[in-house]
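Pasted below: work-v3.cif, mmCIF, C-alpha atoms and all ligand atoms.
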data_input
loop_
_atom_site.label_atom_id
_atom_site.label_comp_id
_atom_site.auth_asym_id
_atom_site.auth_seq_id
_atom_site.Cartn_x
_atom_site.Cartn_y
_atom_site.Cartn_z
CA MET A 1 -10.95 152.30 8.51
CA THR A 2 -9.80 155.87 8.17
CA GLU A 3 -8.54 157.41 4.99
CA PRO A 4 -5.45 159.59 4.74
CA ALA A 5 -6.46 163.04 5.89
CA PRO A 6 -6.21 165.52 3.05
CA SER A 7 -4.77 168.15 5.39
CA ASP A 8 -1.13 167.21 5.00
CA ALA A 9 -1.21 167.61 1.25
CA ALA A 10 1.24 170.47 1.14
CA ALA A 11 3.86 168.60 3.08
CA ALA A 12 3.81 165.59 0.81
CA LYS A 13 2.96 167.23 -2.49
CA PRO A 14 5.07 165.92 -5.37
CA ALA A 15 8.09 168.07 -5.94
CA SER A 16 8.02 170.34 -8.97
CA PRO A 17 10.21 169.25 -11.87
CA ALA A 18 13.93 169.66 -11.50
CA ALA A 19 15.34 173.16 -11.76
CA PRO A 20 15.65 174.54 -15.30
CA PRO A 21 18.94 173.75 -17.01
CA THR A 22 21.78 176.19 -16.52
CA SER A 23 23.26 178.14 -19.41
CA ALA A 24 25.85 175.38 -19.86
CA ALA A 25 23.12 173.02 -21.11
CA PRO A 26 20.35 175.19 -22.52
CA SER A 27 18.51 172.49 -24.44
CA ALA A 28 18.41 169.74 -21.77
CA PRO A 29 14.75 169.00 -20.85
CA ALA A 30 13.65 169.29 -17.21
CA VAL A 31 13.21 165.82 -15.73
CA ALA A 32 10.52 165.15 -13.12
CA PRO A 33 11.66 163.03 -10.18
CA PRO A 34 10.34 159.46 -10.02
CA VAL A 35 6.82 159.11 -8.64
CA VAL A 36 7.98 156.61 -6.00
CA VAL A 37 11.42 155.49 -4.89
CA PHE A 38 12.07 152.73 -2.37
CA ASP A 39 15.76 152.43 -1.59
CA ARG A 40 16.67 149.45 0.62
CA VAL A 41 13.58 149.93 2.77
CA THR A 42 13.25 147.77 5.87
CA LYS A 43 10.38 147.88 8.35
CA THR A 44 10.77 146.36 11.78
CA PHE A 45 7.83 146.93 14.11
CA ASP A 46 8.12 147.83 17.80
CA ASN A 47 7.78 144.16 18.74
CA GLY A 48 10.96 143.36 16.78
CA PHE A 49 9.18 141.73 13.82
CA THR A 50 10.68 142.58 10.43
CA ALA A 51 7.90 142.74 7.81
CA ILE A 52 9.94 143.82 4.77
CA LYS A 53 13.67 143.87 4.23
CA ASP A 54 15.80 145.85 1.77
CA VAL A 55 12.98 146.54 -0.67
CA SER A 56 14.12 148.71 -3.59
CA PHE A 57 12.21 149.86 -6.65
CA VAL A 58 11.67 152.99 -8.73
CA VAL A 59 8.48 153.99 -10.52
CA ASP A 60 9.27 156.78 -12.94
CA ASP A 61 7.04 159.67 -13.81
CA MET A 62 5.56 159.09 -17.26
CA PRO A 63 3.83 162.29 -18.27
CA GLY A 64 0.56 161.67 -20.03
CA LYS A 65 0.56 157.98 -19.19
CA MET A 66 -0.65 156.24 -16.10
CA GLU A 67 1.37 153.34 -14.83
CA PHE A 68 -0.19 150.38 -13.11
CA VAL A 69 1.98 148.45 -10.67
CA SER A 70 0.58 145.13 -9.43
CA ILE A 71 1.94 143.61 -6.23
CA LEU A 72 1.63 139.87 -5.64
CA GLY A 73 2.95 137.77 -2.80
CA PRO A 74 2.00 135.33 -0.08
CA SER A 75 -0.10 136.46 2.86
CA GLY A 76 1.96 138.32 5.45
CA CYS A 77 4.84 139.14 3.08
CA GLY A 78 4.43 142.87 3.58
CA LYS A 79 2.28 144.07 0.64
CA SER A 80 0.05 146.26 2.82
CA THR A 81 3.16 147.47 4.62
CA VAL A 82 4.57 148.75 1.31
CA LEU A 83 1.31 150.54 0.44
CA ARG A 84 1.04 152.08 3.89
CA LEU A 85 4.63 153.30 3.74
CA ILE A 86 3.76 155.09 0.50
CA ALA A 87 0.56 156.42 2.08
CA GLY A 88 2.47 157.58 5.17
CA LEU A 89 0.17 155.66 7.52
CA THR A 90 1.43 154.54 10.95
CA PRO A 91 2.58 152.22 12.40
CA HIS A 92 4.04 151.06 9.06
CA HIS A 93 5.32 154.57 8.38
CA PRO A 94 8.05 155.54 8.98
CA ALA A 95 10.45 152.92 7.63
CA SER A 96 13.04 151.58 10.10
CA SER A 97 15.81 152.04 7.54
CA GLY A 98 16.15 152.97 3.89
CA ILE A 99 14.51 155.77 1.96
CA VAL A 100 10.95 156.27 0.71
CA LEU A 101 10.56 159.20 -1.68
CA ILE A 102 7.32 160.42 -3.26
CA GLY A 103 7.93 162.86 -6.08
CA GLY A 104 11.50 163.25 -4.87
CA ARG A 105 10.54 164.10 -1.28
CA ASN A 106 10.55 162.18 1.96
CA VAL A 107 7.15 160.99 3.12
CA VAL A 108 6.12 162.90 6.23
CA GLY A 109 2.58 161.55 6.58
CA PRO A 110 -0.64 161.10 4.61
CA GLY A 111 -1.46 163.59 1.87
CA ALA A 112 -4.17 164.26 -0.70
CA ASP A 113 -1.69 163.45 -3.46
CA ARG A 114 -2.15 159.80 -2.43
CA GLY A 115 -5.56 158.11 -2.29
CA MET A 116 -6.15 154.71 -0.72
CA VAL A 117 -8.85 152.10 -1.37
CA PHE A 118 -9.00 149.21 1.09
CA GLN A 119 -10.44 145.72 0.82
CA ASP A 120 -12.91 146.29 3.63
CA TYR A 121 -15.45 148.81 2.53
CA SER A 122 -14.20 152.04 3.99
CA SER A 123 -17.24 154.30 3.62
CA PHE A 124 -19.00 156.14 6.43
CA ASP A 125 -22.12 154.20 7.45
CA ASN A 126 -24.05 157.32 8.34
CA ARG A 127 -23.47 159.10 5.02
CA THR A 128 -25.27 158.54 1.75
CA VAL A 129 -23.43 157.46 -1.39
CA GLU A 130 -23.32 161.07 -2.55
CA ASP A 131 -22.07 162.38 0.81
CA ASN A 132 -19.45 159.65 1.07
CA ILE A 133 -18.12 160.48 -2.38
CA SER A 134 -18.04 164.22 -1.67
CA PHE A 135 -16.46 163.82 1.79
CA GLY A 136 -12.94 164.77 0.69
CA LEU A 137 -14.24 167.82 -1.17
CA GLU A 138 -16.04 168.88 1.99
CA CYS A 139 -12.74 168.65 3.89
CA ARG A 140 -11.24 170.92 1.25
CA GLY A 141 -13.95 173.52 1.72
CA VAL A 142 -15.54 173.05 -1.73
CA SER A 143 -19.01 174.66 -1.91
CA ALA A 144 -22.09 172.47 -1.47
CA ASP A 145 -23.27 173.09 -5.04
CA GLU A 146 -19.98 172.08 -6.59
CA ARG A 147 -19.67 169.08 -4.28
CA ARG A 148 -23.05 167.87 -5.37
CA THR A 149 -22.31 168.32 -9.07
CA ARG A 150 -18.95 166.57 -8.88
CA ALA A 151 -20.13 163.75 -6.62
CA ARG A 152 -23.04 163.01 -8.95
CA GLU A 153 -20.70 163.01 -11.92
CA TRP A 154 -18.51 160.45 -10.11
CA ILE A 155 -21.50 158.30 -9.17
CA GLY A 156 -22.03 157.84 -12.91
CA LYS A 157 -18.36 157.36 -13.68
CA VAL A 158 -18.06 154.38 -11.34
CA GLY A 159 -21.13 152.77 -12.85
CA LEU A 160 -23.73 153.63 -10.21
CA ASN A 161 -27.04 155.27 -10.99
CA VAL A 162 -27.56 158.81 -9.70
CA ASP A 163 -31.34 158.58 -9.39
CA ARG A 164 -31.34 155.15 -7.84
CA ASP A 165 -28.19 155.15 -5.72
CA ALA A 166 -27.16 158.68 -4.68
CA ALA A 167 -29.33 158.74 -1.53
CA LYS A 168 -28.59 155.16 -0.43
CA TYR A 169 -26.56 154.34 2.66
CA PRO A 170 -23.70 151.81 2.58
CA HIS A 171 -25.79 149.06 4.23
CA GLN A 172 -28.18 149.27 1.27
CA LEU A 173 -25.40 148.49 -1.24
CA SER A 174 -23.81 145.28 -2.49
CA GLY A 175 -20.08 144.72 -1.93
CA GLY A 176 -19.31 145.69 -5.53
CA MET A 177 -21.35 148.87 -5.23
CA ARG A 178 -19.57 149.80 -2.01
CA GLN A 179 -16.21 149.41 -3.68
CA ARG A 180 -17.42 151.64 -6.51
CA VAL A 181 -18.20 154.26 -3.87
CA ALA A 182 -14.78 153.80 -2.25
CA ILE A 183 -13.07 154.24 -5.63
CA ALA A 184 -15.10 157.36 -6.44
CA ARG A 185 -14.33 158.81 -2.99
CA SER A 186 -10.66 158.45 -3.67
CA LEU A 187 -10.49 159.46 -7.36
CA ILE A 188 -12.68 162.55 -7.01
CA LEU A 189 -9.73 164.19 -5.26
CA GLY A 190 -7.44 163.66 -8.27
CA PRO A 191 -4.61 161.89 -6.43
CA ARG A 192 -1.28 161.47 -8.19
CA ILE A 193 -0.91 158.03 -6.64
CA ILE A 194 -3.73 155.57 -6.05
CA LEU A 195 -3.07 152.79 -3.53
CA MET A 196 -5.43 149.83 -3.73
CA ASP A 197 -5.17 147.04 -1.18
CA GLU A 198 -7.05 143.98 -2.47
CA PRO A 199 -10.01 146.16 -3.42
CA PHE A 200 -11.83 143.36 -5.26
CA GLY A 201 -10.81 140.50 -2.98
CA ALA A 202 -14.29 139.98 -1.55
CA LEU A 203 -16.19 140.09 -4.85
CA ASP A 204 -17.55 137.22 -6.94
CA PRO A 205 -15.60 136.44 -10.15
CA ALA A 206 -18.03 138.05 -12.60
CA THR A 207 -18.33 141.26 -10.55
CA ARG A 208 -14.58 141.30 -10.22
CA LEU A 209 -14.07 141.27 -13.99
CA ARG A 210 -16.55 144.12 -14.40
CA MET A 211 -14.73 146.10 -11.70
CA GLN A 212 -11.42 145.51 -13.49
CA ASP A 213 -12.88 146.93 -16.71
CA MET A 214 -14.17 149.95 -14.85
CA LEU A 215 -10.82 150.50 -13.18
CA VAL A 216 -8.97 150.35 -16.50
CA SER A 217 -11.12 153.07 -18.04
CA LEU A 218 -11.06 155.25 -14.92
CA SER A 219 -7.35 155.06 -14.35
CA ARG A 220 -6.63 155.90 -17.99
CA GLU A 221 -8.61 159.04 -17.51
CA ALA A 222 -7.08 159.77 -14.10
CA GLN A 223 -3.47 159.63 -15.36
CA ALA A 224 -2.34 158.48 -11.94
CA THR A 225 0.14 155.85 -10.86
CA VAL A 226 -1.73 152.92 -9.34
CA PHE A 227 -0.27 150.43 -6.86
CA PHE A 228 -2.59 147.46 -6.78
CA VAL A 229 -2.22 144.62 -4.28
CA THR A 230 -4.00 141.40 -5.14
CA HIS A 231 -3.83 137.66 -4.54
CA SER A 232 -5.14 137.00 -8.04
CA ILE A 233 -2.37 136.44 -10.57
CA GLU A 234 -4.85 136.98 -13.43
CA GLU A 235 -5.90 140.31 -11.97
CA ALA A 236 -2.28 141.40 -11.42
CA VAL A 237 -1.29 140.52 -14.99
CA TYR A 238 -4.42 141.96 -16.58
CA LEU A 239 -4.28 145.31 -14.84
CA GLY A 240 -0.53 145.71 -14.47
CA ASP A 241 2.07 147.35 -16.68
CA ARG A 242 4.49 145.70 -14.34
CA VAL A 243 4.14 143.08 -11.64
CA TYR A 244 6.24 142.82 -8.49
CA VAL A 245 6.32 139.38 -6.94
CA PHE A 246 7.26 139.45 -3.26
CA SER A 247 8.91 136.64 -1.35
CA ALA A 248 7.48 135.35 1.91
CA HIS A 249 8.54 136.86 5.21
CA PRO A 250 10.51 139.03 5.44
CA GLY A 251 9.16 140.49 2.20
CA THR A 252 11.64 141.29 -0.54
CA ILE A 253 11.01 141.81 -4.26
CA LEU A 254 11.75 138.50 -5.89
CA LYS A 255 10.90 139.41 -9.42
CA GLU A 256 9.80 142.41 -11.43
CA MET A 257 8.03 141.66 -14.70
CA ARG A 258 6.90 144.00 -17.45
CA VAL A 259 3.59 142.77 -18.81
CA PRO A 260 1.36 144.02 -21.63
CA GLY A 261 -1.36 146.42 -20.48
CA PRO A 262 -5.07 145.65 -20.81
CA THR A 263 -5.91 145.92 -24.50
CA PHE A 264 -9.20 143.98 -24.38
CA PRO A 265 -12.03 143.73 -21.85
CA ALA A 266 -11.04 141.63 -18.83
CA LYS A 267 -13.13 138.58 -19.67
CA GLU A 268 -11.88 138.41 -23.24
CA MET A 269 -8.21 139.10 -22.57
CA GLN A 270 -7.94 136.67 -19.68
CA ARG A 271 -8.87 133.80 -22.01
CA LYS A 272 -6.13 134.50 -24.53
CA PRO A 273 -3.28 131.95 -24.71
CA GLU A 274 -0.57 134.62 -24.56
CA PHE A 275 -2.17 136.00 -21.41
CA MET A 276 -2.42 132.55 -19.83
CA GLU A 277 1.23 131.98 -20.66
CA ILE A 278 2.31 134.90 -18.46
CA VAL A 279 -0.06 133.81 -15.70
CA TYR A 280 1.42 130.29 -15.72
CA GLU A 281 4.95 131.66 -15.57
CA ILE A 282 4.14 133.69 -12.46
CA ARG A 283 2.13 130.84 -10.95
CA ASP A 284 5.13 128.51 -11.31
CA LEU A 285 7.32 131.11 -9.61
CA VAL A 286 4.86 131.59 -6.74
CA GLU A 287 4.45 127.83 -6.31
CA SER A 288 8.20 127.28 -6.23
CA LEU A 289 8.36 129.98 -3.56
CA GLU A 290 5.73 128.26 -1.49
CA SER A 291 7.36 124.85 -1.76
CA SER A 292 10.79 126.23 -0.85
CA ASN A 293 9.18 127.87 2.20
CA ARG A 294 7.60 124.59 3.18
CA ALA A 295 10.98 122.93 2.89
CA GLY A 296 12.37 125.53 5.26
CA ASP A 297 14.96 126.84 2.76
N1 LIG A 301 1.67 146.77 13.71
C1 LIG A 301 2.31 145.62 13.53
N2 LIG A 301 3.13 145.12 14.48
C2 LIG A 301 3.80 143.97 14.28
N3 LIG A 301 3.71 143.22 13.15
C3 LIG A 301 2.90 143.67 12.19
C4 LIG A 301 2.16 144.89 12.31
N4 LIG A 301 1.46 145.08 11.17
C5 LIG A 301 1.74 144.03 10.38
N5 LIG A 301 2.61 143.18 10.99
C6 LIG A 301 3.15 141.96 10.43
O1 LIG A 301 3.93 142.30 9.30
C7 LIG A 301 3.80 141.29 8.30
C8 LIG A 301 3.39 141.93 7.01
O2 LIG A 301 2.08 142.43 7.15
P1 LIG A 301 1.24 142.97 5.91
O3 LIG A 301 -0.08 143.36 6.43
O4 LIG A 301 2.03 144.01 5.22
O5 LIG A 301 1.16 141.67 5.01
P2 LIG A 301 0.38 141.42 3.64
O6 LIG A 301 1.36 140.95 2.63
O7 LIG A 301 -0.42 142.62 3.31
O8 LIG A 301 -0.58 140.21 4.01
P3 LIG A 301 -2.06 139.85 3.46
O9 LIG A 301 -1.89 139.31 2.07
O10 LIG A 301 -2.54 138.78 4.40
O11 LIG A 301 -2.89 141.10 3.54
C9 LIG A 301 2.79 140.28 8.84
O12 LIG A 301 3.47 139.18 9.33
C10 LIG A 301 2.08 141.02 9.94
O13 LIG A 301 1.65 140.15 10.95
MG MG A 302 -2.43 143.04 3.23
#
Rewrite the structure of this file - the entire thing - as structure tokens.
Amino acid sequence: MTEPAPSDAAAAKPASPAAPPTSAAPSAPAVAPPVVVFDRVTKTFDNGFTAIKDVSFVVDDMPGKMEFVSILGPSGCGKSTVLRLIAGLTPHHPASSGIVLIGGRNVVGPGADRGMVFQDYSSFDNRTVEDNISFGLECRGVSADERRTRAREWIGKVGLNVDRDAAKYPHQLSGGMRQRVAIARSLILGPRIILMDEPFGALDPATRLRMQDMLVSLSREAQATVFFVTHSIEEAVYLGDRVYVFSAHPGTILKEMRVPGPTFPAKEMQRKPEFMEIVYEIRDLVESLESSNRAGD
């Protein structure tokens, strides 16, 4: 799968903060536009199929704080469609109606301000770990020396071992290791928005918890806004500051919940009664959705 080309960065770069206040209001602080706005967004594909309908949400800019938005919903409800609209990837982009704004501007296509990590391991088979991670820097014309230094730094940050893993090819890696490479490839470019489409869906439960811990520490450092699609309610609640629950086709946001951020390691926090309580609440909601779909409501 291809990644958004970094070349369109300028076109989709987040807008600078609003113009300075006029003399009439000298002390009013400049307010940055929201990171992402969806205003009654509908996507109908060429074949007439409507994947999402009237989806609206706003994710505000929170300087100095990263926000983690989890997206849950039944298969086919349009979760990937939402991510790809943010990423500016066709055929999901452009929306059929409604407005998608990134940093206050219309999305015109992919850009380096948005990084995407897919479920299927999206590395280049013919490049080593190091060369996969430094690929985006190469596209930006960064010198070989600097690419090497930064890629090796990122190999360590995502929990791989420089001496052991840097020269390996993707087929020599486990699924978890490949996702670590995919995450490093994306984060090395410092995107403002990180789009993750079921990145841990194919991993065993223990690896998944370790990956969640790694993601928490990385995204705190990255100060980016993360949109994270998952089928795991535990994962959505653990990682998320807020959780959007989508209805089945056509996808609409059924519920938005604020949830406490990850304050303990994944394994520990996901055993706590107060955590389980939130998970059960969402599970009941999702199950009632599924049964009302079965009933044809
Ligand atoms: N190019 C396309 N043309 C027509 N329909 C499409 C196209 N791409 C996706 N769809 C349909 O749009 C709906 C939403 O797809 P999407 O991939 O966003 O779902 P999803 O929520 O990510 O599902 P999953 O959890 O299985 O990944 C699905 O019914 C899908 O079949
Ligand atoms: Mg999907």
Selection within 10 Å of ligand MG 302 (chain A) by only C-alpha atoms and all ligand atoms, output as a CSV table (one decimal) with C-alpha atoms, in the frame of the given file:
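To be explicit, this is the file written out as part_22.csv:
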chain,number,residue,atom,x,y,z
A,73,GLY,CA,3.0,137.8,-2.8
A,74,PRO,CA,2.0,135.3,-0.1
A,75,SER,CA,-0.1,136.5,2.9
A,76,GLY,CA,2.0,138.3,5.4
A,77,CYS,CA,4.8,139.1,3.1
A,78,GLY,CA,4.4,142.9,3.6
A,79,LYS,CA,2.3,144.1,0.6
A,80,SER,CA,0.0,146.3,2.8
A,81,THR,CA,3.2,147.5,4.6
A,82,VAL,CA,4.6,148.8,1.3
A,83,LEU,CA,1.3,150.5,0.4
A,84,ARG,CA,1.0,152.1,3.9
A,118,PHE,CA,-9.0,149.2,1.1
A,119,GLN,CA,-10.4,145.7,0.8
A,197,ASP,CA,-5.2,147.0,-1.2
A,198,GLU,CA,-7.0,144.0,-2.5
A,229,VAL,CA,-2.2,144.6,-4.3
A,230,THR,CA,-4.0,141.4,-5.1
A,231,HIS,CA,-3.8,137.7,-4.5
Worksheet item: What residues have an atom no more than 12 Å from (3.1, 156.1, 7.5) in the file's own frame, counting only C-alpha atoms, and can you write them as a ChimeraX atom specification?
Response: /A:3-5,12,43,80-96,100,106-111,114
Generate a file of the selected residues that holds C-alpha atoms, formatted as a JSON list (two decimals), in the frame of the given file.
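Below you can see out-v5.json, which holds the result:
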[["chain", "number", "residue", "atom", "x", "y", "z"],
["A", 3, "GLU", "CA", -8.54, 157.41, 4.99],
["A", 4, "PRO", "CA", -5.45, 159.59, 4.74],
["A", 5, "ALA", "CA", -6.46, 163.04, 5.89],
["A", 12, "ALA", "CA", 3.81, 165.59, 0.81],
["A", 43, "LYS", "CA", 10.38, 147.88, 8.35],
["A", 80, "SER", "CA", 0.05, 146.26, 2.82],
["A", 81, "THR", "CA", 3.16, 147.47, 4.62],
["A", 82, "VAL", "CA", 4.57, 148.75, 1.31],
["A", 83, "LEU", "CA", 1.31, 150.54, 0.44],
["A", 84, "ARG", "CA", 1.04, 152.08, 3.89],
["A", 85, "LEU", "CA", 4.63, 153.30, 3.74],
["A", 86, "ILE", "CA", 3.76, 155.09, 0.50],
["A", 87, "ALA", "CA", 0.56, 156.42, 2.08],
["A", 88, "GLY", "CA", 2.47, 157.58, 5.17],
["A", 89, "LEU", "CA", 0.17, 155.66, 7.52],
["A", 90, "THR", "CA", 1.43, 154.54, 10.95],
["A", 91, "PRO", "CA", 2.58, 152.22, 12.40],
["A", 92, "HIS", "CA", 4.04, 151.06, 9.06],
["A", 93, "HIS", "CA", 5.32, 154.57, 8.38],
["A", 94, "PRO", "CA", 8.05, 155.54, 8.98],
["A", 95, "ALA", "CA", 10.45, 152.92, 7.63],
["A", 96, "SER", "CA", 13.04, 151.58, 10.10],
["A", 100, "VAL", "CA", 10.95, 156.27, 0.71],
["A", 106, "ASN", "CA", 10.55, 162.18, 1.96],
["A", 107, "VAL", "CA", 7.15, 160.99, 3.12],
["A", 108, "VAL", "CA", 6.12, 162.90, 6.23],
["A", 109, "GLY", "CA", 2.58, 161.55, 6.58],
["A", 110, "PRO", "CA", -0.64, 161.10, 4.61],
["A", 111, "GLY", "CA", -1.46, 163.59, 1.87],
["A", 114, "ARG", "CA", -2.15, 159.80, -2.43]]
Discussion item. Under the rule that only C-alpha atoms and all ligand atoms are counted, which of A:Pro33, A:Gly136, A:Pro63, A:Gly48 is the nearest residue to ligand LIG 301 (chain A)?
Written reply: A:Gly48
Worksheet entry | Shortest interatomic distance to A:Glu281 - which of A:Asp113, A:Phe49, A:Pro265, A:Lys255, counting only C-alpha atoms | A:Lys255
Discussion item. Set the distance at 10 Å and use all atoms listed in the file: which residues neighbour A:Ala166 once local chain neighbours fewer than 3 positions away are removed? I'd like the list as a ChimeraX atom specification.
Written reply: /A:128-133,151-152,155-156,160-163,169
Discussion item. Give me, as a PyMOL selection string, all polymer residues having an atom no more than 7 Å from stretch 213-221 of chain A, counting only C-alpha atoms and skipping those fewer than 2 positions away in the same chain.
Written reply: chain A and resi 66+158+209-211+223-224+265-266
Write out as JSON an axis-aligned box for stretch 147-166 of chain A: all of its atoms listed in the file, 8 Å added on each side, centre and edge lengths in Å with one decimal.
{"center_x": -24.7, "center_y": 160.9, "center_z": -9.0, "size_x": 29.3, "size_y": 32.3, "size_z": 25.4}
Worksheet item: Which one of A:Arg140, A:Lys53, A:Arg105, A:Lys272 sits closest to ligand LIG 301 (chain A) if you count all atoms listed in the file?
Response: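 Checking each candidate against ligand LIG 301 (chain A), we get A:Lys53 as the closest.
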